[in-house]
Amino acid sequence: MEINKQIEKAKQGDQVAFTFLLDYYWNEVYGFMLKRTENETNAEDITIETFSKAFDKIATYNSEFQFNTWLIAIAKNVHIDLLRKKKSSLFVEITDEEDQQAYNIADTTPSAEDELITEQNLSQLLQFIKELKPHYQEVIQLRYFQEMSYQEIANKIDEPLSNVKIKLLRAKKLLAEIIQNKR
């Protein structure tokens, strides 16, 4: 089955497989969290954190369980942690050791989304970016216009590197969809 192949590739560190799994399961995890939290921002933040944790720990995934069931279990735990902490800040600080292990979703080869985004003329692109949610606008702005590295963005917005990578993947996908729909 296609999904199992993608999961195996992701376990080997395949960037394209990570992106495939993110795209494939995003709406299911996000929809589940939206029902639970009744708040789009919290649901989105929890979903980002869920994929971040899942990709960090993908080697521990047991194929006896459905992948989406595993993701939902992670999402529930992230949500419970959030409720426990009840801090204004959603993201848990990760240790240096975990930071060192942050999986490298930051592939240097341009994706189809990257190519589509760079093809746009600037004024048109800025209009499209304005249609994204503010936290997606911010990471796109920092990455493409200020040309910051993933680590610089993580430092600037005070979030773990893995969350920044997931946010950028998601932002690029949404931006590419907006561009496609306007054509």
# chains A, B, ... in the order shown; residues from 1 in each chain; ligands from 1
$ residues_around --residues "region 124-138 of chain A" --least-positions-apart "5" --cutoff "8 Å" --atoms "only C-alpha atoms" --output "compact mmCIF listing (two decimals) with C-alpha atoms, in the first residue's frame"
# COMPACT_ATOMS: atom_id res chain seq x y z
CA ILE A 117 6.04 30.56 -5.66
CA LYS A 167 4.95 25.60 9.46
CA LEU A 168 6.96 26.41 6.36
CA ALA A 171 2.58 27.63 4.41
CA LEU A 174 -1.31 26.67 1.13
CA LEU A 175 0.36 29.44 -0.88
CA ILE A 178 -3.89 29.90 -3.62
CA ILE A 179 -1.69 30.54 -6.68
$ residues_around --residues "Leu161 (chain A)" --least-positions-apart "4" --cutoff "7 Å" --atoms "only C-alpha atoms" --output "ChimeraX atom specification"
/A:102,150-151,154,165
$ closest_residue --among "A:Phe32, A:Lys57, A:Asn39, A:Ser111" --to "Ile72 (chain A)" --atoms "only C-alpha atoms"
A:Phe32
$ closest_residue --among "A:Thr50, A:Asn77, A:Leu116, A:Ser149" --to "Val29 (chain A)" --atoms "only C-alpha atoms"
A:Thr50
$ select_by_dssp --residues "region 13-178 of chain A" --states "alpha helix (DSSP H)" --output "VMD selection string"
chain A and resid 15 to 37 40 to 56 67 to 85 96 to 100 112 to 119 122 to 129 134 to 140 150 to 157 161 to 178
$ closest_residue --among "A:Thr41, A:Lys172, A:Glu119, A:Lys11" --to "Thr60 (chain A)" --atoms "only C-alpha atoms"
A:Lys11
$ closest_residue --among "A:Ile157, A:Ala176, A:Ile48, A:Met33" --to "Leu142 (chain A)" --atoms "only C-alpha atoms"
A:Ile157
$ residues_around --residues "Asp45 (chain A)" --least-positions-apart "3" --cutoff "12 Å" --atoms "only C-alpha atoms" --output "PyMOL selection string"
chain A and resi 26+29-30+33-34+37+39-42+48-52+75+78-79+82+89-92+135-136+159+163-164+166-167+170
$ residues_around --residues "Asn4 (chain A)" --least-positions-apart "6" --cutoff "10 Å" --atoms "only C-alpha atoms" --output "PyMOL selection string"
chain A and resi 10+63+66-67
